[in-house]
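J.: First, the structure itself, so that you have it in front of you.
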Amino acid sequence: MTRVLSCIQPTGDVHLGNYLGALRNWVIGQHEKDAFHGIVDLHALTITDTPGVVGRSSLELAAMLFAVGLDPDVATVFVQSHVTEHSVLGWMMECTVSFGELSRMTQFKDKSAKREHDFVSAGLFTYPALQAADILLYDTDEVPVGEDQRQHVEITRDIALRFNHRFGDVFVLPKAVMPKAGARVMDLQDPTSKMSKSSGSDAGLINMLDEPSVILKKFKRAVTDSDTEVLFDREQKPGISNLLEILSACTGEAPEALAGTYTQYGPLKTDTGEAVIELLRPIQARYHELMTDRGELQSLLRKGAGKARTVAAATLARATTAVGMLPA
Ligand code: TYM
């Protein structure tokens with residue numbers, strides 16, 4: 001059976017880009033494939049230094065993952081730091097990737113530039129090595145992610161190939177899998193940048209827990225393009241194309257076909273806002289229900305970590321044996 005793995009960082013609220021670009025596909029994938037999904041708290045430490053925050057965010061994120069439809073009896077949902085094999089293999093991967101390769105990662109360049117006057121941790125730089133460990137520990141065939149993670153999956157393949165070449169055939173080579181619509185949801189206020197938790201304004205970001213009135217307001221105020229023609233063209237009309245793509249992800253109709261049904265921007269904005277509100281309504285209700293029993297959420301995560309550890313420990317043992325490290 002095809003093995004899929006993908007992860008998300010517990011760094012603030014989950015947004016529409018996360019959902020359309022990744023989570024929705026995880027939910028579909030769990031019934032067709034052997035699915036592993038990690039809440040990557042160690043990755044979040046690269047930019048988190050306030051005490052008490054990461055644990056609470058991890059629990060809230062777990063509630064959101066179950067609310068969108070991941071079934072703890074079907075998919076393996078776990079917290080990364082509960083499976084310590086990630087840290088050990090992460091270090092081995094750091095020793096398998098070069099400084100030059102890590103220097104070329106666009107996510108590092110973007111994030112370190114945004115933190116210009118802030119602390120830029122070494123972990124932010126070596127982040128892709130830990131991500132490679134996440135993926136390789138589970139003999140992953142497919143990694144369902146948004147477009148922004150393509151480069152990280154590619155470097156994981158390069159690292160796996162290099163390790164296999166040096167030490168023998170240890171790792172499965174993964175490939176990135178992206179949705180047709182929603183792989184790159186853009187900021188509503190700046191449609192040339194991806195929708196992101198770290199983006200400048202909240203007005204451009206649709207949080208999964210935003211109230212319907214807030215969602216509608218954000219769509220009505222979305223930045224559109226200078227002329228008035230409704231056309232799907234990412235280069236020339238990034239604002240309108242982003243709305244069409246979000247509406248397409250909600251309705252299943254192609255963005256080009258949707259463009260033909262509108263002559264003005266206003267109704268497109270309202271329809272997209274309303275489609276998103278309906279998409280999120282049941283998820284929000286389930287989330288609030290799940291958050292009433294935190295003990296149960298933690299016990300589901302413990303169960304997930306147990307299942308993940310079994311697979312991860314076997315792969316790590318294969319890797320250390322291949323290198324020829326002294327057994328404990
Ligand atoms: P993260 O936490 O930033 O995002 C989680 C998932 O959401 C997708 N995504 C988007 N998709 C479409 N449009 C957007 N605007 C948008 N923003 C985010 C991301 O592509 C991702 O799939 N490095 C990863 C976490 C990670 C990981 C892994 C992923 C750590 N280890 C192993 C896959 C496999 C990250 O920061 O995702």
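Simple scheme: letters A, B, ... for chains in structure tokens order, numbers from 1 for residues in each chain, numbers from 1 for ligands in the order shown.
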Show me, as an MDAnalysis selection string, the residues that have an atom within 10 Å of Val88 in chain A when counting only C-alpha atoms, minus same-chain residues fewer than 6 positions from it.
T.: chainID A and resid 130 133 316 320
J.: Using only C-alpha atoms and all ligand atoms, which residues of the polymer chains come no farther than 8 Å from ligand 1? I'd like the answer as a PDB file with N, CA, C and O atoms, in the first residue's frame.
T.:
ATOM      1  N   LEU A   5       3.042  10.646   3.866  1.00  0.00           N
ATOM      2  CA  LEU A   5       3.314  11.384   5.093  1.00  0.00           C
ATOM      3  C   LEU A   5       3.324  12.873   4.759  1.00  0.00           C
ATOM      4  O   LEU A   5       3.828  13.275   3.713  1.00  0.00           O
ATOM      5  N   SER A   6       2.715  13.652   5.639  1.00  0.00           N
ATOM      6  CA  SER A   6       2.871  15.087   5.528  1.00  0.00           C
ATOM      7  C   SER A   6       2.689  15.694   6.909  1.00  0.00           C
ATOM      8  O   SER A   6       2.103  15.064   7.790  1.00  0.00           O
ATOM      9  N   CYS A   7       3.218  16.894   7.082  1.00  0.00           N
ATOM     10  CA  CYS A   7       3.228  17.496   8.416  1.00  0.00           C
ATOM     11  C   CYS A   7       2.865  18.971   8.343  1.00  0.00           C
ATOM     12  O   CYS A   7       2.909  19.584   7.280  1.00  0.00           O
ATOM     13  N   ILE A   8       2.544  19.502   9.512  1.00  0.00           N
ATOM     14  CA  ILE A   8       2.199  20.923   9.613  1.00  0.00           C
ATOM     15  C   ILE A   8       2.762  21.464  10.923  1.00  0.00           C
ATOM     16  O   ILE A   8       2.791  20.753  11.929  1.00  0.00           O
ATOM     17  N   GLN A   9       3.184  22.708  10.887  1.00  0.00           N
ATOM     18  CA  GLN A   9       3.784  23.313  12.084  1.00  0.00           C
ATOM     19  C   GLN A   9       2.718  23.911  13.006  1.00  0.00           C
ATOM     20  O   GLN A   9       1.797  24.567  12.512  1.00  0.00           O
ATOM     21  N   PRO A  10       2.888  23.731  14.316  1.00  0.00           N
ATOM     22  CA  PRO A  10       1.961  24.379  15.259  1.00  0.00           C
ATOM     23  C   PRO A  10       2.424  25.808  15.549  1.00  0.00           C
ATOM     24  O   PRO A  10       2.912  26.101  16.629  1.00  0.00           O
ATOM     25  N   THR A  11       2.284  26.670  14.555  1.00  0.00           N
ATOM     26  CA  THR A  11       2.730  28.066  14.739  1.00  0.00           C
ATOM     27  C   THR A  11       1.567  28.997  14.430  1.00  0.00           C
ATOM     28  O   THR A  11       1.533  29.613  13.374  1.00  0.00           O
ATOM     29  N   HIS A  15      -4.744  28.173   8.417  1.00  0.00           N
ATOM     30  CA  HIS A  15      -5.443  29.081   7.497  1.00  0.00           C
ATOM     31  C   HIS A  15      -5.938  28.325   6.258  1.00  0.00           C
ATOM     32  O   HIS A  15      -5.648  27.142   6.068  1.00  0.00           O
ATOM     33  N   LEU A  16      -6.679  29.073   5.445  1.00  0.00           N
ATOM     34  CA  LEU A  16      -7.307  28.462   4.271  1.00  0.00           C
ATOM     35  C   LEU A  16      -6.277  27.855   3.304  1.00  0.00           C
ATOM     36  O   LEU A  16      -6.552  26.845   2.660  1.00  0.00           O
ATOM     37  N   GLY A  17      -5.101  28.468   3.216  1.00  0.00           N
ATOM     38  CA  GLY A  17      -4.039  27.928   2.354  1.00  0.00           C
ATOM     39  C   GLY A  17      -3.606  26.549   2.832  1.00  0.00           C
ATOM     40  O   GLY A  17      -3.450  25.621   2.027  1.00  0.00           O
ATOM     41  N   ASN A  18      -3.434  26.390   4.145  1.00  0.00           N
ATOM     42  CA  ASN A  18      -3.080  25.077   4.691  1.00  0.00           C
ATOM     43  C   ASN A  18      -4.142  24.048   4.324  1.00  0.00           C
ATOM     44  O   ASN A  18      -3.837  22.919   3.939  1.00  0.00           O
ATOM     45  N   TYR A  19      -5.406  24.478   4.467  1.00  0.00           N
ATOM     46  CA  TYR A  19      -6.504  23.533   4.253  1.00  0.00           C
ATOM     47  C   TYR A  19      -6.613  23.124   2.779  1.00  0.00           C
ATOM     48  O   TYR A  19      -6.613  21.934   2.461  1.00  0.00           O
ATOM     49  N   LEU A  20      -6.687  24.122   1.887  1.00  0.00           N
ATOM     50  CA  LEU A  20      -6.885  23.793   0.470  1.00  0.00           C
ATOM     51  C   LEU A  20      -5.617  23.188  -0.148  1.00  0.00           C
ATOM     52  O   LEU A  20      -5.692  22.333  -1.030  1.00  0.00           O
ATOM     53  N   GLY A  21      -4.456  23.655   0.336  1.00  0.00           N
ATOM     54  CA  GLY A  21      -3.205  23.163  -0.245  1.00  0.00           C
ATOM     55  C   GLY A  21      -2.804  21.795   0.267  1.00  0.00           C
ATOM     56  O   GLY A  21      -2.123  21.043  -0.430  1.00  0.00           O
ATOM     57  N   ALA A  22      -3.203  21.467   1.501  1.00  0.00           N
ATOM     58  CA  ALA A  22      -2.684  20.238   2.094  1.00  0.00           C
ATOM     59  C   ALA A  22      -3.742  19.413   2.834  1.00  0.00           C
ATOM     60  O   ALA A  22      -4.078  18.302   2.425  1.00  0.00           O
ATOM     61  N   LEU A  23      -4.304  19.973   3.913  1.00  0.00           N
ATOM     62  CA  LEU A  23      -5.122  19.148   4.817  1.00  0.00           C
ATOM     63  C   LEU A  23      -6.261  18.416   4.123  1.00  0.00           C
ATOM     64  O   LEU A  23      -6.555  17.258   4.437  1.00  0.00           O
ATOM     65  N   GLY A  38       2.188  14.427  10.926  1.00  0.00           N
ATOM     66  CA  GLY A  38       2.866  14.923  12.116  1.00  0.00           C
ATOM     67  C   GLY A  38       2.573  16.392  12.390  1.00  0.00           C
ATOM     68  O   GLY A  38       2.447  17.205  11.472  1.00  0.00           O
ATOM     69  N   VAL A  40       4.504  19.174  13.710  1.00  0.00           N
ATOM     70  CA  VAL A  40       5.960  19.260  13.843  1.00  0.00           C
ATOM     71  C   VAL A  40       6.371  20.399  14.790  1.00  0.00           C
ATOM     72  O   VAL A  40       6.764  21.482  14.372  1.00  0.00           O
ATOM     73  N   HIS A  43      10.034  21.660  14.541  1.00  0.00           N
ATOM     74  CA  HIS A  43      10.205  22.671  13.501  1.00  0.00           C
ATOM     75  C   HIS A  43       9.737  24.038  13.990  1.00  0.00           C
ATOM     76  O   HIS A  43      10.342  25.061  13.681  1.00  0.00           O
ATOM     77  N   TYR A 127      16.645  23.430   9.011  1.00  0.00           N
ATOM     78  CA  TYR A 127      15.252  22.961   8.983  1.00  0.00           C
ATOM     79  C   TYR A 127      14.991  21.869   7.935  1.00  0.00           C
ATOM     80  O   TYR A 127      14.383  20.831   8.235  1.00  0.00           O
ATOM     81  N   PRO A 128      15.459  22.028   6.676  1.00  0.00           N
ATOM     82  CA  PRO A 128      15.144  21.003   5.675  1.00  0.00           C
ATOM     83  C   PRO A 128      15.724  19.617   5.997  1.00  0.00           C
ATOM     84  O   PRO A 128      15.198  18.602   5.546  1.00  0.00           O
ATOM     85  N   LEU A 130      15.825  18.277   9.023  1.00  0.00           N
ATOM     86  CA  LEU A 130      14.847  17.655   9.927  1.00  0.00           C
ATOM     87  C   LEU A 130      13.608  17.245   9.140  1.00  0.00           C
ATOM     88  O   LEU A 130      13.033  16.172   9.372  1.00  0.00           O
ATOM     89  N   GLN A 131      13.218  18.065   8.182  1.00  0.00           N
ATOM     90  CA  GLN A 131      12.056  17.707   7.354  1.00  0.00           C
ATOM     91  C   GLN A 131      12.359  16.442   6.540  1.00  0.00           C
ATOM     92  O   GLN A 131      11.488  15.578   6.372  1.00  0.00           O
ATOM     93  N   ALA A 132      13.587  16.320   6.068  1.00  0.00           N
ATOM     94  CA  ALA A 132      13.972  15.104   5.323  1.00  0.00           C
ATOM     95  C   ALA A 132      13.840  13.886   6.235  1.00  0.00           C
ATOM     96  O   ALA A 132      13.335  12.832   5.827  1.00  0.00           O
ATOM     97  N   ASP A 134      11.814  13.568   8.784  1.00  0.00           N
ATOM     98  CA  ASP A 134      10.376  13.292   8.965  1.00  0.00           C
ATOM     99  C   ASP A 134       9.884  12.373   7.850  1.00  0.00           C
ATOM    100  O   ASP A 134       9.156  11.408   8.085  1.00  0.00           O
ATOM    101  N   ILE A 135      10.268  12.727   6.644  1.00  0.00           N
ATOM    102  CA  ILE A 135       9.734  12.027   5.476  1.00  0.00           C
ATOM    103  C   ILE A 135      10.368  10.638   5.351  1.00  0.00           C
ATOM    104  O   ILE A 135       9.680   9.632   5.154  1.00  0.00           O
ATOM    105  N   VAL A 143       4.236  12.717  -0.631  1.00  0.00           N
ATOM    106  CA  VAL A 143       4.137  13.792   0.365  1.00  0.00           C
ATOM    107  C   VAL A 143       3.118  14.825  -0.140  1.00  0.00           C
ATOM    108  O   VAL A 143       3.433  15.647  -1.005  1.00  0.00           O
ATOM    109  N   PRO A 144       1.873  14.778   0.343  1.00  0.00           N
ATOM    110  CA  PRO A 144       0.878  15.758  -0.110  1.00  0.00           C
ATOM    111  C   PRO A 144       1.094  17.118   0.558  1.00  0.00           C
ATOM    112  O   PRO A 144       0.929  17.249   1.771  1.00  0.00           O
ATOM    113  N   VAL A 145       1.484  18.102  -0.239  1.00  0.00           N
ATOM    114  CA  VAL A 145       1.815  19.435   0.274  1.00  0.00           C
ATOM    115  C   VAL A 145       1.342  20.498  -0.707  1.00  0.00           C
ATOM    116  O   VAL A 145       0.976  20.192  -1.843  1.00  0.00           O
ATOM    117  N   GLY A 146       1.406  21.748  -0.280  1.00  0.00           N
ATOM    118  CA  GLY A 146       1.196  22.877  -1.189  1.00  0.00           C
ATOM    119  C   GLY A 146       2.484  23.142  -1.960  1.00  0.00           C
ATOM    120  O   GLY A 146       3.555  22.632  -1.609  1.00  0.00           O
ATOM    121  N   GLU A 147       2.346  23.963  -2.981  1.00  0.00           N
ATOM    122  CA  GLU A 147       3.459  24.277  -3.892  1.00  0.00           C
ATOM    123  C   GLU A 147       4.722  24.770  -3.147  1.00  0.00           C
ATOM    124  O   GLU A 147       5.848  24.463  -3.542  1.00  0.00           O
ATOM    125  N   ASP A 148       4.521  25.516  -2.040  1.00  0.00           N
ATOM    126  CA  ASP A 148       5.667  26.099  -1.333  1.00  0.00           C
ATOM    127  C   ASP A 148       6.621  25.057  -0.752  1.00  0.00           C
ATOM    128  O   ASP A 148       7.767  25.380  -0.440  1.00  0.00           O
ATOM    129  N   GLN A 149       6.163  23.827  -0.607  1.00  0.00           N
ATOM    130  CA  GLN A 149       7.016  22.789  -0.004  1.00  0.00           C
ATOM    131  C   GLN A 149       7.721  21.913  -1.039  1.00  0.00           C
ATOM    132  O   GLN A 149       8.441  20.980  -0.691  1.00  0.00           O
ATOM    133  N   ARG A 150       7.526  22.208  -2.323  1.00  0.00           N
ATOM    134  CA  ARG A 150       8.113  21.360  -3.366  1.00  0.00           C
ATOM    135  C   ARG A 150       9.643  21.269  -3.221  1.00  0.00           C
ATOM    136  O   ARG A 150      10.235  20.198  -3.287  1.00  0.00           O
ATOM    137  N   HIS A 152      11.477  21.557  -0.621  1.00  0.00           N
ATOM    138  CA  HIS A 152      11.890  20.744   0.527  1.00  0.00           C
ATOM    139  C   HIS A 152      11.766  19.252   0.243  1.00  0.00           C
ATOM    140  O   HIS A 152      12.522  18.449   0.778  1.00  0.00           O
ATOM    141  N   VAL A 153      10.795  18.885  -0.567  1.00  0.00           N
ATOM    142  CA  VAL A 153      10.663  17.456  -0.899  1.00  0.00           C
ATOM    143  C   VAL A 153      11.770  17.069  -1.902  1.00  0.00           C
ATOM    144  O   VAL A 153      12.347  15.983  -1.821  1.00  0.00           O
ATOM    145  N   GLY A 182      -5.821  25.108  -5.485  1.00  0.00           N
ATOM    146  CA  GLY A 182      -5.511  25.406  -4.082  1.00  0.00           C
ATOM    147  C   GLY A 182      -4.080  25.115  -3.683  1.00  0.00           C
ATOM    148  O   GLY A 182      -3.716  25.283  -2.532  1.00  0.00           O
ATOM    149  N   ALA A 183      -3.245  24.692  -4.639  1.00  0.00           N
ATOM    150  CA  ALA A 183      -1.859  24.359  -4.289  1.00  0.00           C
ATOM    151  C   ALA A 183      -1.088  25.599  -3.849  1.00  0.00           C
ATOM    152  O   ALA A 183      -0.085  25.496  -3.159  1.00  0.00           O
ATOM    153  N   ARG A 184      -1.577  26.766  -4.273  1.00  0.00           N
ATOM    154  CA  ARG A 184      -0.905  28.005  -3.882  1.00  0.00           C
ATOM    155  C   ARG A 184      -1.969  29.079  -3.659  1.00  0.00           C
ATOM    156  O   ARG A 184      -2.323  29.827  -4.584  1.00  0.00           O
ATOM    157  N   VAL A 185      -2.487  29.133  -2.446  1.00  0.00           N
ATOM    158  CA  VAL A 185      -3.494  30.144  -2.100  1.00  0.00           C
ATOM    159  C   VAL A 185      -2.741  31.423  -1.729  1.00  0.00           C
ATOM    160  O   VAL A 185      -1.834  31.394  -0.897  1.00  0.00           O
ATOM    161  N   MET A 186      -3.124  32.536  -2.368  1.00  0.00           N
ATOM    162  CA  MET A 186      -2.366  33.765  -2.161  1.00  0.00           C
ATOM    163  C   MET A 186      -3.052  34.659  -1.124  1.00  0.00           C
ATOM    164  O   MET A 186      -4.244  34.512  -0.829  1.00  0.00           O
ATOM    165  N   ASP A 187      -2.273  35.604  -0.591  1.00  0.00           N
ATOM    166  CA  ASP A 187      -2.760  36.576   0.391  1.00  0.00           C
ATOM    167  C   ASP A 187      -3.824  37.468  -0.272  1.00  0.00           C
ATOM    168  O   ASP A 187      -3.625  37.940  -1.389  1.00  0.00           O
ATOM    169  N   LYS A 194       2.214  34.269  -1.043  1.00  0.00           N
ATOM    170  CA  LYS A 194       1.326  33.188  -0.584  1.00  0.00           C
ATOM    171  C   LYS A 194       0.653  33.577   0.732  1.00  0.00           C
ATOM    172  O   LYS A 194       1.229  34.332   1.531  1.00  0.00           O
ATOM    173  N   MET A 195      -0.552  33.053   0.937  1.00  0.00           N
ATOM    174  CA  MET A 195      -1.233  33.237   2.215  1.00  0.00           C
ATOM    175  C   MET A 195      -0.381  32.530   3.266  1.00  0.00           C
ATOM    176  O   MET A 195      -0.051  31.349   3.094  1.00  0.00           O
ATOM    177  N   SER A 196      -0.029  33.246   4.320  1.00  0.00           N
ATOM    178  CA  SER A 196       0.912  32.661   5.264  1.00  0.00           C
ATOM    179  C   SER A 196       0.694  33.238   6.656  1.00  0.00           C
ATOM    180  O   SER A 196       0.310  34.405   6.797  1.00  0.00           O
ATOM    181  N   LYS A 197       0.965  32.386   7.664  1.00  0.00           N
ATOM    182  CA  LYS A 197       0.800  32.836   9.052  1.00  0.00           C
ATOM    183  C   LYS A 197       1.715  34.014   9.350  1.00  0.00           C
ATOM    184  O   LYS A 197       1.419  34.829  10.202  1.00  0.00           O
TER     185      LYS A 197
END
J.: Counting only C-alpha atoms, which of A:Leu70, A:Ala63, A:Leu42, A:Ala285 gets nearest to Gly123 in chain A?
T.: A:Leu42
J.: To one decimal place in Å, what is the distance between CA of Asp190 in chain A and CA of Gln236 in chain A?
T.: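 Between CA of Asp190 in chain A and CA of Gln236 in chain A the gap works out to 13.9 Å.
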J.: When DSSP works through the backbone of this structure, what residues of range 74-141 of chain A end up as alpha helix (DSSP H), shown as a ChimeraX atom specification?
T.: /A:85-94,99-103,106-114,122-136
J.: Show which residues sit within 12 Å of Lys307 in chain A, as a VMD selection string. Count only C-alpha atoms, and ignore same-chain residues fewer than 6 positions away.
T.: chain A and resid 34 to 38 72 to 79 82 to 83 138 300 to 301 313 to 314
J.: Residues near range 232-235 of chain A, anyone? I mean within 7 Å using only C-alpha atoms, not counting same-chain ones fewer than 5 positions away, as an MDAnalysis selection string.
T.: chainID A and resid 241 255:256 259
J.: How about saving the chosen residues, N, CA, C and O atoms kept, as a PDB file, in the first residue's frame?
T.:
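Everything below was put into again26.pdb:
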ATOM      1  N   SER A 241      -7.526  36.007 -10.158  1.00  0.00           N
ATOM      2  CA  SER A 241      -7.216  34.586 -10.356  1.00  0.00           C
ATOM      3  C   SER A 241      -7.186  33.846  -9.032  1.00  0.00           C
ATOM      4  O   SER A 241      -7.606  32.697  -8.941  1.00  0.00           O
ATOM      5  N   PRO A 255     -11.439  27.040 -12.786  1.00  0.00           N
ATOM      6  CA  PRO A 255     -11.411  28.509 -12.648  1.00  0.00           C
ATOM      7  C   PRO A 255     -11.705  29.232 -13.956  1.00  0.00           C
ATOM      8  O   PRO A 255     -12.350  30.288 -13.953  1.00  0.00           O
ATOM      9  N   GLU A 256     -11.273  28.665 -15.081  1.00  0.00           N
ATOM     10  CA  GLU A 256     -11.512  29.310 -16.386  1.00  0.00           C
ATOM     11  C   GLU A 256     -13.017  29.362 -16.659  1.00  0.00           C
ATOM     12  O   GLU A 256     -13.548  30.373 -17.140  1.00  0.00           O
ATOM     13  N   ALA A 259     -14.725  31.922 -14.454  1.00  0.00           N
ATOM     14  CA  ALA A 259     -14.465  33.297 -14.907  1.00  0.00           C
ATOM     15  C   ALA A 259     -15.529  33.734 -15.908  1.00  0.00           C
ATOM     16  O   ALA A 259     -15.997  34.880 -15.864  1.00  0.00           O
TER      17      ALA A 259
END
J.: Pick the closest to Asn242 in chain A from A:Ser81, A:Asn207, A:Gln298, A:Thr192: which is it, counting only C-alpha atoms?
T.: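 Result for the nearest residue to Asn242 in chain A: A:Thr192.
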J.: Have a look at CA of Asp271 in chain A and CA of Ala203 in chain A and let me know their distance in Å, one decimal.
T.: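 These atoms are spaced 17.9 Å apart.
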J.: Determine which residues of range 124-281 of chain A receive a DSSP assignment of strand (DSSP E), computed from the backbone, and state them as a PDB file with N, CA and C atoms, in the first residue's frame.
T.:
ATOM      1  N   GLU A 142       4.668   9.182  -1.000  1.00  0.00           N
ATOM      2  CA  GLU A 142       4.083  10.451  -1.453  1.00  0.00           C
ATOM      3  C   GLU A 142       3.963  11.452  -0.309  1.00  0.00           C
ATOM      4  N   VAL A 143       4.236  12.717  -0.631  1.00  0.00           N
ATOM      5  CA  VAL A 143       4.137  13.792   0.365  1.00  0.00           C
ATOM      6  C   VAL A 143       3.118  14.825  -0.140  1.00  0.00           C
ATOM      7  N   PRO A 144       1.873  14.778   0.343  1.00  0.00           N
ATOM      8  CA  PRO A 144       0.878  15.758  -0.110  1.00  0.00           C
ATOM      9  C   PRO A 144       1.094  17.118   0.558  1.00  0.00           C
ATOM     10  N   LYS A 175       7.969  11.405  -3.391  1.00  0.00           N
ATOM     11  CA  LYS A 175       7.647  12.477  -4.354  1.00  0.00           C
ATOM     12  C   LYS A 175       6.534  13.376  -3.795  1.00  0.00           C
ATOM     13  N   ALA A 176       6.593  14.666  -4.180  1.00  0.00           N
ATOM     14  CA  ALA A 176       5.584  15.624  -3.720  1.00  0.00           C
ATOM     15  C   ALA A 176       4.315  15.456  -4.547  1.00  0.00           C
ATOM     16  N   VAL A 177       3.149  15.576  -3.884  1.00  0.00           N
ATOM     17  CA  VAL A 177       1.869  15.492  -4.589  1.00  0.00           C
ATOM     18  C   VAL A 177       1.066  16.747  -4.248  1.00  0.00           C
TER      19      VAL A 177
END
J.: Tell me which protein, DNA and RNA residues are within 12 Å of Ser226 in chain A, counting only C-alpha atoms, leaving out same-chain ones fewer than 5 positions away, and put them as a ChimeraX atom specification.
T.: /A:236-240,265
J.: When you look at Ile47 in chain A with a cut-off of 10 Å (counting only C-alpha atoms), what residues show up, excluding the ones that are within fewer than 2 positions of it in the same chain? I need them as a PDB file with N, CA and C atoms, in the first residue's frame.
T.:
ATOM      1  N   THR A  11       2.284  26.670  14.555  1.00  0.00           N
ATOM      2  CA  THR A  11       2.730  28.066  14.739  1.00  0.00           C
ATOM      3  C   THR A  11       1.567  28.997  14.430  1.00  0.00           C
ATOM      4  N   LEU A  42       9.000  20.425  16.775  1.00  0.00           N
ATOM      5  CA  LEU A  42      10.439  20.732  16.759  1.00  0.00           C
ATOM      6  C   LEU A  42      10.733  21.769  15.672  1.00  0.00           C
ATOM      7  N   HIS A  43      10.034  21.660  14.541  1.00  0.00           N
ATOM      8  CA  HIS A  43      10.205  22.671  13.501  1.00  0.00           C
ATOM      9  C   HIS A  43       9.737  24.038  13.990  1.00  0.00           C
ATOM     10  N   ALA A  44       8.652  24.039  14.773  1.00  0.00           N
ATOM     11  CA  ALA A  44       8.117  25.318  15.262  1.00  0.00           C
ATOM     12  C   ALA A  44       9.113  26.005  16.191  1.00  0.00           C
ATOM     13  N   LEU A  45       9.969  25.221  16.874  1.00  0.00           N
ATOM     14  CA  LEU A  45      10.944  25.831  17.786  1.00  0.00           C
ATOM     15  C   LEU A  45      11.933  26.737  17.059  1.00  0.00           C
ATOM     16  N   ASP A  49       9.886  31.231  20.848  1.00  0.00           N
ATOM     17  CA  ASP A  49      10.668  31.260  22.085  1.00  0.00           C
ATOM     18  C   ASP A  49       9.861  31.713  23.303  1.00  0.00           C
ATOM     19  N   THR A  50       8.531  31.791  23.145  1.00  0.00           N
ATOM     20  CA  THR A  50       7.706  32.183  24.287  1.00  0.00           C
ATOM     21  C   THR A  50       7.301  30.934  25.060  1.00  0.00           C
ATOM     22  N   LYS A 111      12.283  33.525   5.079  1.00  0.00           N
ATOM     23  CA  LYS A 111      12.017  33.662   6.522  1.00  0.00           C
ATOM     24  C   LYS A 111      13.118  34.425   7.224  1.00  0.00           C
ATOM     25  N   ARG A 115      12.923  38.135   9.237  1.00  0.00           N
ATOM     26  CA  ARG A 115      13.354  38.256  10.631  1.00  0.00           C
ATOM     27  C   ARG A 115      14.642  39.065  10.748  1.00  0.00           C
ATOM     28  N   ASP A 118      15.548  40.290  13.954  1.00  0.00           N
ATOM     29  CA  ASP A 118      15.154  39.338  14.976  1.00  0.00           C
ATOM     30  C   ASP A 118      16.225  38.247  15.073  1.00  0.00           C
ATOM     31  N   PHE A 119      16.009  37.306  15.985  1.00  0.00           N
ATOM     32  CA  PHE A 119      16.948  36.197  16.148  1.00  0.00           C
ATOM     33  C   PHE A 119      16.736  35.187  15.010  1.00  0.00           C
ATOM     34  N   VAL A 120      17.782  34.900  14.251  1.00  0.00           N
ATOM     35  CA  VAL A 120      17.677  33.861  13.205  1.00  0.00           C
ATOM     36  C   VAL A 120      18.434  32.640  13.719  1.00  0.00           C
ATOM     37  N   SER A 121      17.677  31.595  14.086  1.00  0.00           N
ATOM     38  CA  SER A 121      18.312  30.438  14.706  1.00  0.00           C
ATOM     39  C   SER A 121      19.016  29.576  13.667  1.00  0.00           C
ATOM     40  N   GLY A 123      18.666  26.539  13.651  1.00  0.00           N
ATOM     41  CA  GLY A 123      17.626  25.564  13.296  1.00  0.00           C
ATOM     42  C   GLY A 123      16.823  25.991  12.079  1.00  0.00           C
ATOM     43  N   LEU A 124      16.655  27.297  11.904  1.00  0.00           N
ATOM     44  CA  LEU A 124      15.916  27.789  10.734  1.00  0.00           C
ATOM     45  C   LEU A 124      16.680  27.422   9.458  1.00  0.00           C
TER      46      LEU A 124
END
J.: Using only C-alpha atoms, which residues sit within 7 Å of range 245-248 of chain A once same-chain residues fewer than 5 positions away are excluded, as a tab-separated table (two decimals) with N, CA, C and O atoms, in the first residue's frame?
T.:
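Contents of part22.tsv, as written:
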chain	number	residue	atom	x	y	z
A	181	ALA	N	-6.43	22.44	-7.66
A	181	ALA	CA	-6.81	23.80	-7.26
A	181	ALA	C	-6.45	23.99	-5.79
A	181	ALA	O	-6.71	23.12	-4.98
A	182	GLY	N	-5.82	25.11	-5.48
A	182	GLY	CA	-5.51	25.41	-4.08
A	182	GLY	C	-4.08	25.12	-3.68
A	182	GLY	O	-3.72	25.28	-2.53
A	253	GLU	N	-15.51	23.36	-9.81
A	253	GLU	CA	-15.55	23.81	-11.23
A	253	GLU	C	-14.23	24.47	-11.59
A	253	GLU	O	-13.60	25.11	-10.75
A	254	ALA	N	-13.83	24.34	-12.87
A	254	ALA	CA	-12.54	24.90	-13.28
A	254	ALA	C	-12.56	26.42	-13.18
A	254	ALA	O	-13.59	27.05	-13.49
A	255	PRO	N	-11.44	27.04	-12.79
A	255	PRO	CA	-11.41	28.51	-12.65
A	255	PRO	C	-11.70	29.23	-13.96
A	255	PRO	O	-12.35	30.29	-13.95
A	272	THR	N	-17.38	33.91	-3.51
A	272	THR	CA	-16.21	33.17	-2.99
A	272	THR	C	-16.26	33.17	-1.47
A	272	THR	O	-16.06	32.14	-0.83
A	275	ALA	N	-18.91	30.75	-0.33
A	275	ALA	CA	-18.50	29.34	-0.54
A	275	ALA	C	-17.53	28.91	0.55
A	275	ALA	O	-17.60	27.79	1.08
